[in-house]
>>> print(open('coords.csv').read())   # CSV, C-alpha atoms
chain,number,residue,atom,x,y,z
X,262,MET,CA,-15.4,-8.2,-14.6
X,263,PHE,CA,-11.9,-9.9,-14.3
X,264,LYS,CA,-12.8,-13.4,-15.2
X,265,ASN,CA,-10.6,-16.1,-13.8
X,266,LYS,CA,-8.4,-13.6,-11.9
X,267,ARG,CA,-8.4,-13.9,-8.1
X,268,ILE,CA,-7.9,-10.6,-6.3
X,269,ASN,CA,-7.1,-10.1,-2.7
X,270,VAL,CA,-6.9,-6.8,-0.8
X,271,ILE,CA,-4.5,-6.2,2.1
X,272,ILE,CA,-5.3,-3.4,4.6
X,273,PRO,CA,-2.9,-2.7,7.4
X,274,ALA,CA,-4.8,-1.0,10.2
X,275,HIS,CA,-4.0,0.5,13.6
X,276,ASN,CA,-7.0,2.2,15.4
X,277,GLU,CA,-9.1,2.6,12.2
X,278,GLY,CA,-12.4,1.7,13.8
X,279,GLN,CA,-14.1,4.8,12.4
X,280,SER,CA,-13.1,4.2,8.8
X,281,ILE,CA,-12.2,0.5,8.1
X,282,ALA,CA,-15.8,-0.6,7.4
X,283,LYS,CA,-16.2,2.3,4.8
X,284,VAL,CA,-13.0,1.1,3.0
X,285,ILE,CA,-14.2,-2.5,2.9
X,286,ARG,CA,-17.7,-1.7,1.8
X,287,ASP,CA,-16.6,0.6,-1.0
X,288,LEU,CA,-14.3,-2.0,-2.6
X,289,PRO,CA,-15.7,-3.3,-5.9
X,290,ASP,CA,-17.3,-6.8,-6.3
X,291,CYS,CA,-14.3,-8.2,-8.2
X,292,VAL,CA,-12.4,-8.6,-4.9
X,293,ASP,CA,-12.4,-12.2,-3.7
X,294,GLU,CA,-11.1,-11.6,-0.2
X,295,VAL,CA,-10.2,-8.6,2.0
X,296,ILE,CA,-7.5,-9.2,4.6
X,297,VAL,CA,-7.2,-6.6,7.4
X,298,THR,CA,-4.3,-6.8,9.7
X,299,ASP,CA,-5.2,-5.3,13.1
X,300,ASN,CA,-1.8,-3.9,14.1
X,301,ASN,CA,-2.2,-3.7,17.9
X,302,SER,CA,-5.3,-1.5,17.8
X,303,THR,CA,-6.9,-0.3,21.0
X,304,ASP,CA,-10.3,0.4,19.5
X,305,ASP,CA,-12.8,-1.8,17.7
X,306,THR,CA,-10.9,-2.0,14.3
X,307,ALA,CA,-11.0,-5.8,14.3
X,308,LYS,CA,-14.7,-6.0,15.1
X,309,GLN,CA,-15.7,-3.4,12.5
X,310,ALA,CA,-13.6,-5.1,9.8
X,311,LYS,CA,-15.0,-8.5,10.6
X,312,THR,CA,-18.6,-7.2,10.5
X,313,ALA,CA,-17.9,-5.6,7.1
X,314,GLY,CA,-16.9,-9.0,5.7
X,315,ALA,CA,-13.1,-9.0,6.0
X,316,THR,CA,-10.7,-11.7,7.2
X,317,VAL,CA,-8.9,-10.3,10.2
X,318,CYS,CA,-5.3,-11.1,11.2
X,319,PHE,CA,-3.5,-9.8,14.3
X,320,GLU,CA,0.0,-8.4,14.5
X,321,SER,CA,1.2,-7.1,17.8
X,322,GLN,CA,4.5,-5.7,16.5
X,323,MET,CA,3.8,-2.2,15.5
X,324,GLY,CA,4.8,-1.3,11.9
X,325,TYR,CA,3.2,-1.0,8.5
X,326,GLY,CA,5.5,-3.6,7.1
X,327,TYR,CA,4.8,-6.0,10.0
X,328,ALA,CA,1.1,-5.7,9.2
X,329,CYS,CA,1.5,-6.3,5.5
X,330,LEU,CA,3.8,-9.3,6.0
X,331,LYS,CA,1.3,-10.9,8.5
X,332,ALA,CA,-1.4,-10.7,5.8
X,333,MET,CA,0.9,-12.2,3.2
X,334,ALA,CA,1.8,-15.0,5.5
X,335,TYR,CA,-1.9,-15.7,5.9
X,336,ILE,CA,-2.4,-15.8,2.1
X,337,GLU,CA,0.6,-18.0,1.7
X,338,SER,CA,-0.9,-20.5,4.1
X,339,LYS,CA,-4.0,-21.0,2.0
X,340,SER,CA,-4.2,-23.6,-0.8
X,341,GLU,CA,-5.8,-21.2,-3.3
X,342,LYS,CA,-3.5,-18.3,-4.1
X,343,PRO,CA,-4.6,-14.9,-5.6
X,344,ASP,CA,-3.4,-13.6,-9.0
X,345,ILE,CA,-3.2,-10.0,-7.8
X,346,ILE,CA,-2.7,-8.3,-4.5
X,347,VAL,CA,-4.0,-4.8,-3.8
X,348,PHE,CA,-2.7,-2.7,-0.9
X,349,ILE,CA,-4.9,0.1,0.5
X,350,ASP,CA,-4.8,2.0,3.7
X,351,GLY,CA,-7.6,1.7,6.3
X,352,ASP,CA,-8.2,5.4,6.8
X,353,TYR,CA,-10.5,6.1,3.9
X,354,SER,CA,-8.2,8.6,2.3
X,355,ASP,CA,-8.1,6.6,-1.0
X,356,TYR,CA,-11.2,5.9,-3.0
X,357,PRO,CA,-11.6,2.0,-2.8
X,358,GLU,CA,-13.9,2.0,-5.9
X,359,GLN,CA,-10.9,3.0,-8.0
X,360,LEU,CA,-9.3,-0.4,-7.4
X,361,THR,CA,-10.5,-1.5,-10.9
X,362,GLU,CA,-8.4,1.3,-12.5
X,363,LEU,CA,-5.3,-0.1,-10.9
X,364,ILE,CA,-6.2,-3.7,-12.0
X,365,HIS,CA,-7.0,-3.0,-15.6
X,366,PRO,CA,-3.4,-2.4,-16.7
X,367,ILE,CA,-2.3,-5.7,-15.1
X,368,ILE,CA,-5.1,-7.6,-16.8
X,369,ASP,CA,-5.3,-5.8,-20.1
X,370,SER,CA,-1.6,-4.8,-20.8
X,371,ASN,CA,0.3,-7.3,-18.6
X,372,TYR,CA,1.8,-4.8,-16.2
X,373,ASP,CA,3.3,-6.3,-13.1
X,374,PHE,CA,2.9,-3.4,-10.8
X,375,VAL,CA,0.6,-0.3,-10.7
X,376,ILE,CA,0.7,2.5,-8.2
X,377,GLY,CA,-2.1,5.0,-7.5
X,378,ALA,CA,-0.5,8.4,-7.8
X,379,ARG,CA,-2.0,11.1,-5.6
X,380,VAL,CA,-1.8,13.9,-8.1
X,381,LYS,CA,-2.4,17.5,-7.0
X,382,SER,CA,-5.4,18.0,-9.3
X,383,LEU,CA,-7.2,15.1,-7.7
X,384,ARG,CA,-6.2,15.7,-4.1
X,385,GLU,CA,-8.6,17.2,-1.6
X,386,ASN,CA,-7.3,20.4,0.1
X,387,GLY,CA,-5.1,19.4,3.1
X,388,ALA,CA,-5.2,15.7,2.3
X,389,MET,CA,-1.4,15.5,2.2
X,390,THR,CA,0.7,17.4,4.7
X,391,PHE,CA,3.8,19.4,3.7
X,392,PRO,CA,6.2,16.7,5.1
X,393,GLN,CA,4.3,14.1,3.0
X,394,ARG,CA,4.5,16.2,-0.1
X,395,PHE,CA,8.2,17.1,0.4
X,396,GLY,CA,9.2,13.6,1.3
X,397,ASN,CA,7.4,12.2,-1.7
X,398,TRP,CA,9.1,14.7,-4.0
X,399,LEU,CA,12.5,14.2,-2.5
X,400,ALA,CA,12.3,10.4,-2.6
X,401,THR,CA,11.0,10.1,-6.1
X,402,THR,CA,13.4,12.7,-7.4
X,403,LEU,CA,16.3,10.8,-6.0
X,404,MET,CA,15.0,7.5,-7.4
X,405,GLN,CA,14.8,9.2,-10.8
X,406,LEU,CA,18.4,10.5,-10.6
X,407,ILE,CA,20.0,7.4,-9.1
X,408,TYR,CA,18.0,4.6,-10.6
X,409,GLY,CA,16.2,6.1,-13.6
X,410,ALA,CA,12.8,5.5,-12.1
X,411,LYS,CA,9.7,7.1,-13.4
X,412,PHE,CA,7.8,7.2,-10.1
X,413,THR,CA,6.2,10.4,-8.9
X,414,ASP,CA,4.6,9.1,-5.7
X,415,LEU,CA,5.0,6.5,-2.9
X,416,GLY,CA,1.3,6.1,-2.7
X,417,PRO,CA,0.1,3.2,-0.6
X,418,PHE,CA,-2.8,2.3,-2.9
X,419,ARG,CA,-1.1,-0.2,-5.3
X,420,ALA,CA,-1.7,-3.4,-7.1
X,421,ILE,CA,0.9,-6.1,-8.0
X,422,LYS,CA,0.9,-9.6,-9.4
X,423,TYR,CA,1.1,-12.0,-6.5
X,424,ASN,CA,4.0,-14.1,-7.9
X,425,GLN,CA,6.0,-10.9,-8.5
X,426,LEU,CA,5.3,-9.7,-5.0
X,427,LEU,CA,6.7,-12.9,-3.6
X,428,ALA,CA,9.8,-12.6,-5.8
X,429,LEU,CA,10.5,-9.2,-4.3
X,430,ASN,CA,11.1,-10.9,-0.9
X,431,MET,CA,9.8,-7.9,1.0
X,432,GLN,CA,11.7,-7.3,4.3
X,433,ASP,CA,11.0,-3.8,5.7
X,434,LYS,CA,8.9,-3.9,8.9
X,435,THR,CA,8.0,-0.2,9.3
X,436,TYR,CA,8.0,3.0,7.3
X,437,GLY,CA,10.1,1.8,4.3
X,438,TRP,CA,7.7,-0.8,2.9
X,439,THR,CA,6.4,1.3,0.0
X,440,VAL,CA,9.8,2.5,-1.2
X,441,GLU,CA,11.3,-0.9,-0.8
X,442,MET,CA,8.7,-2.4,-3.1
X,443,GLN,CA,9.3,0.3,-5.7
X,444,LEU,CA,13.1,0.0,-5.6
X,445,LYS,CA,12.9,-3.8,-5.8
X,446,ALA,CA,10.4,-3.5,-8.7
X,447,LEU,CA,13.1,-1.6,-10.5
X,448,ASN,CA,15.8,-4.1,-9.7
X,449,HIS,CA,13.6,-7.0,-10.9
X,450,LYS,CA,12.7,-5.1,-14.0
X,451,LEU,CA,9.0,-5.3,-13.4
X,452,LYS,CA,6.7,-3.6,-15.9
X,453,TYR,CA,5.1,-0.8,-13.9
X,454,LYS,CA,3.1,2.4,-14.3
X,455,GLU,CA,1.2,5.0,-12.3
X,456,ILE,CA,-2.5,5.7,-12.4
X,457,PRO,CA,-3.8,9.1,-11.1
X,458,VAL,CA,-6.1,8.6,-8.2
X,459,LYS,CA,-8.3,10.8,-6.0
X,460,TYR,CA,-7.2,11.4,-2.5
X,461,ARG,CA,-9.1,12.9,0.4
X,462,ASN,CA,-8.6,13.9,4.1
X,463,ARG,CA,-8.3,10.8,6.1
X,464,ILE,CA,-10.6,9.9,9.0
X,465,GLY,CA,-8.7,10.2,12.3
X,466,GLN,CA,-5.1,11.1,12.8
X,467,SER,CA,-2.2,9.7,10.8
X,468,LYS,CA,0.2,7.6,12.7
X,469,VAL,CA,3.1,8.8,10.5
X,470,SER,CA,2.5,12.3,9.1
X,471,GLY,CA,0.2,13.2,12.0
X,472,THR,CA,3.1,13.4,14.5
X,473,LEU,CA,6.6,15.1,14.2
X,474,LYS,CA,8.3,11.9,15.3
X,475,GLY,CA,6.4,9.8,12.8
X,476,ALA,CA,7.2,12.1,9.9
X,477,VAL,CA,10.9,12.3,10.8
X,478,MET,CA,11.2,8.5,11.3
X,479,ALA,CA,9.4,7.8,8.0
X,480,GLY,CA,11.6,10.3,6.2
X,481,ILE,CA,14.8,8.8,7.5
X,482,LYS,CA,13.7,5.3,6.7
X,483,ILE,CA,12.7,6.1,3.2
X,484,LEU,CA,15.8,8.0,2.4
X,485,THR,CA,18.0,5.2,3.9
X,486,TRP,CA,16.4,2.7,1.5
X,487,VAL,CA,16.9,5.0,-1.5
X,488,PHE,CA,20.6,5.6,-0.8
X,489,LYS,CA,21.6,2.1,0.4
X,490,TYR,CA,19.7,0.0,-2.0
X,491,ALA,CA,22.5,-0.2,-4.6
X,492,PHE,CA,24.5,-2.0,-2.0
X,493,VAL,CA,21.7,-4.3,-0.7
X,494,LYS,CA,21.5,-7.8,-2.0
X,495,THR,CA,17.8,-8.6,-2.8
>>> encode(input="coords.csv", output="structure tokens")
Amino acid sequence: MFKNKRINVIIPAHNEGQSIAKVIRDLPDCVDEVIVTDNNSTDDTAKQAKTAGATVCFESQMGYGYACLKAMAYIESKSEKPDIIVFIDGDYSDYPEQLTELIHPIIDSNYDFVIGARVKSLRENGAMTFPQRFGNWLATTLMQLIYGAKFTDLGPFRAIKYNQLLALNMQDKTYGWTVEMQLKALNHKLKYKEIPVKYRNRIGQSKVSGTLKGAVMAGIKILTWVFKYAFVKT
């Protein structure tokens, strides 16, 4: 389907034993390697991921960014590098088969970065909590006002050219990973777009929006990135 383009998928996962195999098995055949980072899980996430055909890395430091950076370090250690990296969560809230829709703009129209936007018309009832919806709206509105961005979502389902991802020099270890990537994409003048994607209720409880502490900490981290980014050297 995407001749001569090597595609890797990164899935950060903490206690996603019930869902991780579903995510991996629903990914389209164009994917060359799936890398799951087991982020200090206490269930059988690693076993389920390996059985489903993924490469499994381990990261004991808790944090979404820590998990993503561990997978990137694994990829960087290999002799054969991918052309495109796709990030997707391990909770089965996204539809993995839609990966091709995110890849097409990169292959066909030379986009650098594509985000799966969880639009209301394609979202299952209750799939996004009020804190998630409000936080998304606030962050993207501020990004529009301050930076002239055209983002409407901080969705975790996203595709980016590997060389451009490396150029962003990603640093955030926890909740700010997605917004950091988007702000740095603006700074680096990447060609980007959003693709509407379906979104359903996740399997299991969210580690972020599922708890008050997680929602508050994520909100603070995201807004901190939005406001301070103009003063941060990338």
>>> closest_residue(input="coords.csv", among="X:Ala328, X:Val317, X:Ile336, X:Ala378", to="X:Asp414", atoms="only C-alpha atoms")
X:Ala378
>>> residues_around(input="coords.csv", residues="X:Asp287", least_positions_apart="4", cutoff="9 Å", atoms="all atoms listed in the file", output="list in words")
Ala282, Lys283, Tyr356, Pro357 and Glu358 of chain X
>>> atom_distance(input="coords.csv", atom1="atom CA of X:Lys339", atom2="atom CA of X:Val295")
13.9 Å
>>> closest_residue(input="coords.csv", among="X:Ile367, X:Met431, X:Ile345, X:Val440", to="X:Tyr327", atoms="all atoms listed in the file")
X:Met431
>>> residues_around(input="coords.csv", residues="X:Lys311", least_positions_apart="4", cutoff="12 Å", atoms="all atoms listed in the file", output="PyMOL selection string")
chain X and resi 278+281-282+285-286+294-299+305-307+315-318
>>> write_last_selection(input="coords.csv", atoms="C-alpha atoms", output="compact mmCIF listing (two decimals), in the coordinates of the input")
# COMPACT_ATOMS: atom_id res chain seq x y z
CA GLY X 278 -12.40 1.70 13.80
CA ILE X 281 -12.20 0.50 8.10
CA ALA X 282 -15.80 -0.60 7.40
CA ILE X 285 -14.20 -2.50 2.90
CA ARG X 286 -17.70 -1.70 1.80
CA GLU X 294 -11.10 -11.60 -0.20
CA VAL X 295 -10.20 -8.60 2.00
CA ILE X 296 -7.50 -9.20 4.60
CA VAL X 297 -7.20 -6.60 7.40
CA THR X 298 -4.30 -6.80 9.70
CA ASP X 299 -5.20 -5.30 13.10
CA ASP X 305 -12.80 -1.80 17.70
CA THR X 306 -10.90 -2.00 14.30
CA ALA X 307 -11.00 -5.80 14.30
CA ALA X 315 -13.10 -9.00 6.00
CA THR X 316 -10.70 -11.70 7.20
CA VAL X 317 -8.90 -10.30 10.20
CA CYS X 318 -5.30 -11.10 11.20
>>> residues_around(input="coords.csv", residues="X:Glu341", least_positions_apart="2", cutoff="12 Å", atoms="only C-alpha atoms", output="ChimeraX atom specification")
/X:266-269,293-294,335-339,343-344,423
>>> atom_distance(input="coords.csv", atom1="atom CA of X:Tyr372", atom2="atom CA of X:Lys450")
11.1 Å
>>> atom_distance(input="coords.csv", atom1="atom CA of X:Leu426", atom2="atom CA of X:Leu330")
11.1 Å
